[in-house]
$ cat final.txt   # compact mmCIF, N, CA and C atoms and all ligand atoms
# COMPACT_ATOMS: atom_id res chain seq x y z
N MET M 84 23.37 -4.86 -1.22
CA MET M 84 23.28 -3.66 -2.07
C MET M 84 22.53 -2.58 -1.31
N THR M 85 23.04 -1.37 -1.38
CA THR M 85 22.33 -0.28 -0.74
C THR M 85 21.96 0.75 -1.79
N GLY M 86 21.14 1.70 -1.41
CA GLY M 86 20.71 2.73 -2.35
C GLY M 86 19.59 2.24 -3.24
N HIS M 87 19.26 3.08 -4.20
CA HIS M 87 18.11 2.80 -5.04
C HIS M 87 18.52 2.93 -6.51
N PRO M 88 19.00 1.85 -7.11
CA PRO M 88 19.46 1.93 -8.50
C PRO M 88 18.31 2.15 -9.46
N ALA M 89 18.65 2.54 -10.68
CA ALA M 89 17.64 2.67 -11.72
C ALA M 89 17.00 1.31 -11.96
N ARG M 90 15.81 1.34 -12.56
CA ARG M 90 15.05 0.10 -12.68
C ARG M 90 15.78 -0.96 -13.50
N SER M 91 16.67 -0.56 -14.38
CA SER M 91 17.38 -1.55 -15.17
C SER M 91 18.44 -2.27 -14.36
N ASP M 92 18.79 -1.75 -13.20
CA ASP M 92 19.79 -2.40 -12.36
C ASP M 92 19.14 -3.51 -11.54
N ALA M 93 20.00 -4.34 -10.99
CA ALA M 93 19.51 -5.41 -10.14
C ALA M 93 18.87 -4.83 -8.88
N LEU M 94 17.78 -5.44 -8.45
CA LEU M 94 17.10 -5.03 -7.23
C LEU M 94 17.33 -6.06 -6.15
N ASP M 95 17.27 -5.61 -4.92
CA ASP M 95 17.33 -6.57 -3.82
C ASP M 95 16.04 -7.38 -3.72
N VAL M 96 14.93 -6.69 -3.90
CA VAL M 96 13.64 -7.34 -3.65
C VAL M 96 12.60 -6.83 -4.65
N VAL M 97 11.77 -7.73 -5.15
CA VAL M 97 10.57 -7.35 -5.89
C VAL M 97 9.38 -7.77 -5.03
N VAL M 98 8.51 -6.83 -4.75
CA VAL M 98 7.33 -7.09 -3.93
C VAL M 98 6.12 -7.17 -4.85
N ILE M 99 5.36 -8.24 -4.77
CA ILE M 99 4.16 -8.40 -5.58
C ILE M 99 2.96 -7.95 -4.77
N GLY M 100 2.32 -6.87 -5.21
CA GLY M 100 1.13 -6.38 -4.53
C GLY M 100 1.41 -5.13 -3.73
N ALA M 101 0.67 -4.06 -4.05
CA ALA M 101 0.83 -2.79 -3.34
C ALA M 101 -0.37 -2.53 -2.44
N GLY M 102 -0.81 -3.59 -1.74
CA GLY M 102 -1.79 -3.42 -0.69
C GLY M 102 -1.07 -3.05 0.60
N GLN M 103 -1.79 -3.20 1.74
CA GLN M 103 -1.16 -2.86 3.02
C GLN M 103 0.16 -3.60 3.21
N ALA M 104 0.14 -4.90 2.97
CA ALA M 104 1.33 -5.70 3.23
C ALA M 104 2.50 -5.28 2.34
N GLY M 105 2.21 -5.06 1.06
CA GLY M 105 3.28 -4.69 0.13
C GLY M 105 3.87 -3.33 0.45
N LEU M 106 3.00 -2.38 0.81
CA LEU M 106 3.50 -1.04 1.14
C LEU M 106 4.29 -1.04 2.45
N VAL M 107 3.80 -1.81 3.41
CA VAL M 107 4.55 -1.92 4.67
C VAL M 107 5.91 -2.57 4.42
N MET M 108 5.91 -3.58 3.57
CA MET M 108 7.19 -4.21 3.20
C MET M 108 8.12 -3.18 2.57
N GLY M 109 7.59 -2.36 1.67
CA GLY M 109 8.41 -1.33 1.04
C GLY M 109 8.98 -0.36 2.06
N TYR M 110 8.15 0.01 3.03
CA TYR M 110 8.61 0.92 4.09
C TYR M 110 9.81 0.33 4.81
N HIS M 111 9.70 -0.94 5.19
CA HIS M 111 10.78 -1.55 5.97
C HIS M 111 12.02 -1.82 5.11
N LEU M 112 11.82 -2.15 3.86
CA LEU M 112 12.97 -2.32 2.96
C LEU M 112 13.72 -1.00 2.81
N ALA M 113 12.96 0.08 2.63
CA ALA M 113 13.59 1.39 2.50
C ALA M 113 14.33 1.78 3.77
N GLN M 114 13.72 1.46 4.92
CA GLN M 114 14.39 1.76 6.19
C GLN M 114 15.74 1.07 6.29
N ARG M 115 15.84 -0.09 5.64
CA ARG M 115 17.09 -0.86 5.69
C ARG M 115 18.02 -0.53 4.53
N GLY M 116 17.65 0.41 3.70
CA GLY M 116 18.51 0.82 2.59
C GLY M 116 18.56 -0.16 1.45
N LEU M 117 17.57 -1.04 1.36
CA LEU M 117 17.54 -2.02 0.27
C LEU M 117 16.80 -1.44 -0.93
N SER M 118 17.18 -1.88 -2.12
CA SER M 118 16.49 -1.44 -3.33
C SER M 118 15.35 -2.42 -3.61
N PHE M 119 14.25 -1.89 -4.10
CA PHE M 119 13.09 -2.75 -4.30
C PHE M 119 12.16 -2.15 -5.34
N LEU M 120 11.30 -3.00 -5.84
CA LEU M 120 10.26 -2.59 -6.77
C LEU M 120 8.96 -3.22 -6.30
N ILE M 121 7.91 -2.42 -6.20
CA ILE M 121 6.60 -2.95 -5.85
C ILE M 121 5.75 -2.93 -7.10
N VAL M 122 5.18 -4.06 -7.46
CA VAL M 122 4.31 -4.13 -8.63
C VAL M 122 2.90 -4.50 -8.17
N ASP M 123 1.92 -4.01 -8.91
CA ASP M 123 0.54 -4.33 -8.56
C ASP M 123 -0.27 -4.55 -9.82
N ALA M 124 -1.23 -5.47 -9.74
CA ALA M 124 -2.08 -5.78 -10.88
C ALA M 124 -3.03 -4.63 -11.19
N GLY M 125 -3.35 -3.81 -10.20
CA GLY M 125 -4.29 -2.72 -10.40
C GLY M 125 -3.66 -1.57 -11.15
N ALA M 126 -4.52 -0.79 -11.82
CA ALA M 126 -4.03 0.38 -12.54
C ALA M 126 -3.58 1.46 -11.56
N GLU M 127 -4.25 1.53 -10.39
CA GLU M 127 -3.90 2.52 -9.37
C GLU M 127 -3.80 1.82 -8.02
N ILE M 128 -2.91 2.33 -7.19
CA ILE M 128 -2.82 1.80 -5.83
C ILE M 128 -4.15 2.05 -5.12
N GLY M 129 -4.65 1.04 -4.44
CA GLY M 129 -5.91 1.18 -3.72
C GLY M 129 -7.11 0.68 -4.49
N ASP M 130 -6.92 0.24 -5.72
CA ASP M 130 -8.05 -0.22 -6.52
C ASP M 130 -8.77 -1.39 -5.89
N ALA M 131 -8.03 -2.25 -5.18
CA ALA M 131 -8.67 -3.41 -4.55
C ALA M 131 -9.72 -2.93 -3.54
N TRP M 132 -9.47 -1.81 -2.88
CA TRP M 132 -10.44 -1.23 -1.95
C TRP M 132 -11.48 -0.38 -2.68
N ARG M 133 -11.02 0.38 -3.64
CA ARG M 133 -11.92 1.28 -4.36
C ARG M 133 -13.06 0.52 -5.03
N SER M 134 -12.79 -0.69 -5.43
CA SER M 134 -13.79 -1.46 -6.20
C SER M 134 -14.76 -2.23 -5.31
N ARG M 135 -14.62 -2.11 -3.98
CA ARG M 135 -15.55 -2.81 -3.09
C ARG M 135 -16.86 -2.02 -2.96
N TRP M 136 -17.82 -2.59 -2.27
CA TRP M 136 -19.15 -2.00 -2.20
C TRP M 136 -19.13 -0.68 -1.42
N ASP M 137 -20.03 0.23 -1.85
CA ASP M 137 -19.97 1.62 -1.37
C ASP M 137 -20.16 1.76 0.13
N SER M 138 -20.98 0.90 0.73
CA SER M 138 -21.29 1.07 2.16
C SER M 138 -20.22 0.45 3.06
N LEU M 139 -19.20 -0.17 2.49
CA LEU M 139 -18.19 -0.85 3.31
C LEU M 139 -17.44 0.14 4.20
N ARG M 140 -17.40 -0.19 5.48
CA ARG M 140 -16.57 0.56 6.43
C ARG M 140 -15.69 -0.44 7.17
N LEU M 141 -14.50 0.00 7.56
CA LEU M 141 -13.63 -0.86 8.35
C LEU M 141 -14.32 -1.22 9.66
N PHE M 142 -14.01 -2.41 10.16
CA PHE M 142 -14.52 -2.76 11.49
C PHE M 142 -13.53 -2.38 12.59
N THR M 143 -12.34 -1.94 12.19
CA THR M 143 -11.35 -1.46 13.16
C THR M 143 -11.37 0.07 13.14
N PRO M 144 -11.46 0.72 14.32
CA PRO M 144 -11.46 2.18 14.35
C PRO M 144 -10.12 2.75 13.88
N ALA M 145 -10.17 4.02 13.48
CA ALA M 145 -9.05 4.66 12.79
C ALA M 145 -7.72 4.51 13.51
N GLN M 146 -7.74 4.56 14.85
CA GLN M 146 -6.46 4.51 15.57
C GLN M 146 -5.76 3.16 15.42
N PHE M 147 -6.48 2.18 14.92
CA PHE M 147 -5.86 0.86 14.71
C PHE M 147 -5.62 0.58 13.23
N ASP M 148 -5.77 1.60 12.39
CA ASP M 148 -5.66 1.40 10.94
C ASP M 148 -4.41 2.06 10.35
N ASN M 149 -3.49 2.45 11.22
CA ASN M 149 -2.28 3.14 10.75
C ASN M 149 -1.38 2.24 9.92
N LEU M 150 -0.62 2.84 9.07
CA LEU M 150 0.49 2.16 8.42
C LEU M 150 1.77 2.77 8.97
N PRO M 151 2.90 2.06 8.89
CA PRO M 151 4.15 2.64 9.39
C PRO M 151 4.43 3.99 8.73
N GLY M 152 4.70 4.99 9.55
CA GLY M 152 5.00 6.32 9.03
C GLY M 152 3.79 7.08 8.54
N MET M 153 2.60 6.53 8.70
CA MET M 153 1.39 7.18 8.19
C MET M 153 0.20 6.84 9.09
N PRO M 154 -0.05 7.67 10.11
CA PRO M 154 -1.26 7.49 10.91
C PRO M 154 -2.50 7.63 10.03
N PHE M 155 -3.52 6.84 10.30
CA PHE M 155 -4.73 6.96 9.48
C PHE M 155 -5.34 8.35 9.70
N PRO M 156 -5.56 9.12 8.64
CA PRO M 156 -6.03 10.51 8.79
C PRO M 156 -7.53 10.59 9.03
N ALA M 157 -7.97 10.05 10.14
CA ALA M 157 -9.38 10.12 10.53
C ALA M 157 -9.43 10.19 12.05
N PRO M 158 -10.50 10.79 12.59
CA PRO M 158 -10.58 10.92 14.05
C PRO M 158 -10.63 9.56 14.75
N ARG M 159 -10.09 9.55 15.94
CA ARG M 159 -10.12 8.35 16.79
C ARG M 159 -11.57 7.86 16.94
N ASP M 160 -11.74 6.57 16.98
CA ASP M 160 -13.04 5.92 17.19
C ASP M 160 -14.04 6.16 16.05
N THR M 161 -13.54 6.54 14.90
CA THR M 161 -14.39 6.55 13.71
C THR M 161 -13.98 5.38 12.83
N TYR M 162 -14.90 5.00 11.93
CA TYR M 162 -14.69 3.80 11.11
C TYR M 162 -14.58 4.21 9.65
N PRO M 163 -13.36 4.27 9.12
CA PRO M 163 -13.17 4.76 7.76
C PRO M 163 -13.89 3.90 6.72
N GLY M 164 -14.29 4.56 5.64
CA GLY M 164 -14.92 3.86 4.52
C GLY M 164 -13.86 3.29 3.58
N LYS M 165 -14.35 2.51 2.62
CA LYS M 165 -13.41 1.81 1.72
C LYS M 165 -12.62 2.80 0.86
N ASP M 166 -13.22 3.93 0.49
CA ASP M 166 -12.46 4.89 -0.31
C ASP M 166 -11.40 5.60 0.53
N ASP M 167 -11.66 5.75 1.83
CA ASP M 167 -10.64 6.34 2.71
C ASP M 167 -9.40 5.45 2.75
N VAL M 168 -9.64 4.14 2.76
CA VAL M 168 -8.50 3.21 2.75
C VAL M 168 -7.74 3.34 1.43
N ALA M 169 -8.49 3.40 0.33
CA ALA M 169 -7.85 3.51 -0.99
C ALA M 169 -7.00 4.78 -1.07
N VAL M 170 -7.54 5.88 -0.53
CA VAL M 170 -6.80 7.15 -0.56
C VAL M 170 -5.53 7.05 0.27
N LEU M 171 -5.64 6.45 1.45
CA LEU M 171 -4.45 6.32 2.31
C LEU M 171 -3.37 5.49 1.60
N LEU M 172 -3.78 4.38 1.00
CA LEU M 172 -2.80 3.55 0.30
C LEU M 172 -2.16 4.35 -0.83
N GLY M 173 -2.96 5.15 -1.53
CA GLY M 173 -2.43 5.98 -2.60
C GLY M 173 -1.42 6.99 -2.10
N TRP M 174 -1.72 7.59 -0.95
CA TRP M 174 -0.77 8.55 -0.37
C TRP M 174 0.54 7.87 -0.04
N VAL M 175 0.42 6.75 0.65
CA VAL M 175 1.63 6.04 1.06
C VAL M 175 2.42 5.61 -0.15
N GLY M 176 1.72 5.07 -1.14
CA GLY M 176 2.41 4.54 -2.31
C GLY M 176 2.84 5.59 -3.30
N GLY M 177 2.07 6.67 -3.41
CA GLY M 177 2.34 7.64 -4.45
C GLY M 177 3.01 8.91 -4.00
N ASP M 178 2.79 9.28 -2.76
CA ASP M 178 3.29 10.57 -2.32
C ASP M 178 4.43 10.48 -1.33
N THR M 179 4.72 9.30 -0.88
CA THR M 179 5.84 9.15 0.03
C THR M 179 7.11 9.01 -0.80
N ALA M 180 8.04 9.90 -0.57
CA ALA M 180 9.17 10.02 -1.49
C ALA M 180 9.91 8.71 -1.71
N PHE M 181 10.12 7.98 -0.65
CA PHE M 181 10.95 6.79 -0.82
C PHE M 181 10.23 5.70 -1.60
N LEU M 182 8.91 5.77 -1.69
CA LEU M 182 8.19 4.76 -2.46
C LEU M 182 7.82 5.25 -3.85
N ALA M 183 7.76 6.56 -4.02
CA ALA M 183 7.15 7.10 -5.23
C ALA M 183 7.77 6.58 -6.52
N GLU M 184 9.07 6.45 -6.51
CA GLU M 184 9.74 6.04 -7.75
C GLU M 184 9.91 4.53 -7.82
N GLN M 185 9.37 3.83 -6.86
CA GLN M 185 9.67 2.41 -6.76
C GLN M 185 8.46 1.54 -7.05
N ILE M 186 7.37 2.17 -7.41
CA ILE M 186 6.16 1.40 -7.63
C ILE M 186 5.80 1.40 -9.11
N ALA M 187 5.57 0.25 -9.64
CA ALA M 187 5.16 0.13 -11.04
C ALA M 187 3.74 -0.41 -11.07
N SER M 188 2.86 0.26 -11.76
CA SER M 188 1.50 -0.27 -11.88
C SER M 188 1.51 -1.44 -12.84
N GLY M 189 0.43 -2.20 -12.83
CA GLY M 189 0.38 -3.42 -13.62
C GLY M 189 0.50 -3.19 -15.11
N ASP M 190 0.18 -2.00 -15.59
CA ASP M 190 0.21 -1.78 -17.03
C ASP M 190 1.48 -1.09 -17.48
N SER M 191 2.46 -0.98 -16.59
CA SER M 191 3.71 -0.35 -17.02
C SER M 191 4.73 -1.39 -17.40
C1 LIG L 1 -14.19 -6.63 2.94
C2 LIG L 1 -12.99 -6.56 3.83
C3 LIG L 1 -13.02 -5.75 4.97
C4 LIG L 1 -11.91 -5.70 5.81
N1 LIG L 1 -11.96 -4.89 6.90
C5 LIG L 1 -10.89 -4.82 7.73
C6 LIG L 1 -10.89 -3.97 8.86
O1 LIG L 1 -11.87 -3.30 9.17
N2 LIG L 1 -9.77 -3.94 9.64
C7 LIG L 1 -8.67 -4.70 9.37
O2 LIG L 1 -7.70 -4.64 10.12
N3 LIG L 1 -8.65 -5.50 8.29
C8 LIG L 1 -9.72 -5.59 7.47
N4 LIG L 1 -9.69 -6.41 6.41
C9 LIG L 1 -8.50 -7.20 6.18
C10 LIG L 1 -7.45 -6.35 5.50
O3 LIG L 1 -8.03 -5.66 4.43
C11 LIG L 1 -6.42 -7.24 4.98
O4 LIG L 1 -5.80 -7.91 6.05
C12 LIG L 1 -5.37 -6.44 4.22
O5 LIG L 1 -5.96 -5.64 3.22
C13 LIG L 1 -4.43 -7.39 3.60
O6 LIG L 1 -3.47 -6.63 2.92
P1 LIG L 1 -2.63 -7.30 1.82
O7 LIG L 1 -1.68 -6.26 1.34
O8 LIG L 1 -2.09 -8.60 2.31
O9 LIG L 1 -3.68 -7.73 0.70
P2 LIG L 1 -4.57 -6.80 -0.24
O10 LIG L 1 -5.05 -5.56 0.43
O11 LIG L 1 -5.59 -7.73 -0.80
O12 LIG L 1 -3.58 -6.33 -1.39
C14 LIG L 1 -3.06 -7.23 -2.34
C15 LIG L 1 -2.60 -6.41 -3.53
O13 LIG L 1 -1.91 -7.29 -4.40
C16 LIG L 1 -2.36 -7.08 -5.73
N5 LIG L 1 -2.20 -8.35 -6.41
C17 LIG L 1 -2.82 -9.52 -6.14
N6 LIG L 1 -2.38 -10.47 -6.95
C18 LIG L 1 -1.43 -9.90 -7.75
C19 LIG L 1 -0.61 -10.39 -8.79
N7 LIG L 1 -0.63 -11.68 -9.17
N8 LIG L 1 0.23 -9.53 -9.40
C20 LIG L 1 0.28 -8.23 -9.02
N9 LIG L 1 -0.47 -7.72 -8.04
C21 LIG L 1 -1.32 -8.55 -7.41
C22 LIG L 1 -3.79 -6.61 -5.60
O14 LIG L 1 -4.15 -5.79 -6.71
C23 LIG L 1 -3.75 -5.80 -4.31
O15 LIG L 1 -3.47 -4.44 -4.53
C24 LIG L 1 -10.77 -6.47 5.53
C25 LIG L 1 -10.74 -7.26 4.38
C26 LIG L 1 -11.81 -7.31 3.53
C27 LIG L 1 -11.76 -8.18 2.29
$ encode --input "final.txt" --output "structure tokens" --more "lines below"
Ligand SMILES: Cc1cc2nc3c(=O)[nH]c(=O)nc-3n(C[C@H](O)[C@H](O)[C@H](O)COP(=O)(O)OP(=O)(O)OC[C@H]3O[C@@H](n4cnc5c(N)ncnc54)[C@H](O)[C@@H]3O)c2cc1C
Amino acid sequence: MTGHPARSDALDVVVIGAGQAGLVMGYHLAQRGLSFLIVDAGAEIGDAWRSRWDSLRLFTPAQFDNLPGMPFPAPRDTYPGKDDVAVLLGWVGGDTAFLAEQIASGDS
């Protein structure tokens, strides 16, 4: 099946979890023209990161924190905080056209 049918139609793939892995999966499914739905238990994409402790910073510098089609928006050799990760996941999941209509939050 190709294209992106309405949610009532059959999907090729349902992805559980809109973390890094789920969003990357969505990216590659879209690249292949497959229809998919990403569901997440959180009310908002990135909540798993947003709810962590305030001082948390990634141990990998920004240049190694990219997602497909979305370079991490922080200077090289800086260490993004947990909210930066949450924001990036939200951008990828919410503002990227091919994913925007394909993600259902846990309460929908
Ligand atoms: C404290 C901490 C710091 C880290 N720092 C780094 C770092 O600096 N650099 C690095 O490369 N990696 C780091 N990692 C590892 C990295 O975060 C993980 O490898 C990555 O987040 C895994 O992505 P994921 O999508 O598999 O899982 P997650 O990011 O955990 O996402 C899983 C998603 O699935 C959802 N979910 C879970 N169960 C269900 C369900 N039953 N139904 C619906 N939705 C569900 C959750 O709400 C969540 O959104 C860190 C991890 C932790 C915990």
$ residues_near_ligand --input "final.txt" --ligand "ligand LIG 1 (chain L)" --cutoff "5 Å" --atoms "all atoms listed in the file" --output "ChimeraX atom specification"
/M:99-105,122-125,141-143
$ residues_around --input "final.txt" --residues "M:Ile128" --least-positions-apart "6" --cutoff "6 Å" --atoms "only N, CA and C atoms" --output "mmCIF file with N, CA and C atoms, keeping the file's coordinate frame"
data_model
loop_
_atom_site.group_PDB
_atom_site.id
_atom_site.type_symbol
_atom_site.label_atom_id
_atom_site.label_comp_id
_atom_site.auth_asym_id
_atom_site.auth_seq_id
_atom_site.Cartn_x
_atom_site.Cartn_y
_atom_site.Cartn_z
ATOM 1 N N ALA M 169 -8.490 3.400 0.330
ATOM 2 C CA ALA M 169 -7.850 3.510 -0.990
ATOM 3 C C ALA M 169 -7.000 4.780 -1.070
ATOM 4 N N LEU M 172 -3.780 4.380 1.000
ATOM 5 C CA LEU M 172 -2.800 3.550 0.300
ATOM 6 C C LEU M 172 -2.160 4.350 -0.830
ATOM 7 N N GLY M 173 -2.960 5.150 -1.530
ATOM 8 C CA GLY M 173 -2.430 5.980 -2.600
ATOM 9 C C GLY M 173 -1.420 6.990 -2.100
#
$ atom_distance --input "final.txt" --atom1 "atom CA of M:Asp130" --atom2 "atom C of M:Leu106"
15.3 Å
$ atom_distance --input "final.txt" --atom1 "atom CA of M:Leu139" --atom2 "atom C of M:Val107"
24.2 Å
$ closest_residue --input "final.txt" --among "M:Arg133, M:Leu112, M:Ser118, M:Ala93" --to "M:Lys165" --atoms "only N, CA and C atoms"
M:Arg133
$ atom_distance --input "final.txt" --atom1 "atom CA of M:Gly109" --atom2 "atom N of M:Asp148"
18.4 Å
$ axis_aligned_box --input "final.txt" --around "stretch 120-133 of chain M" --padding-each-side "4 Å" --output "lines of an AutoDock Vina configuration file"
center_x = -0.9
center_y = -1.6
center_z = -7.2
size_x = 32.4
size_y = 16.3
size_z = 18.6
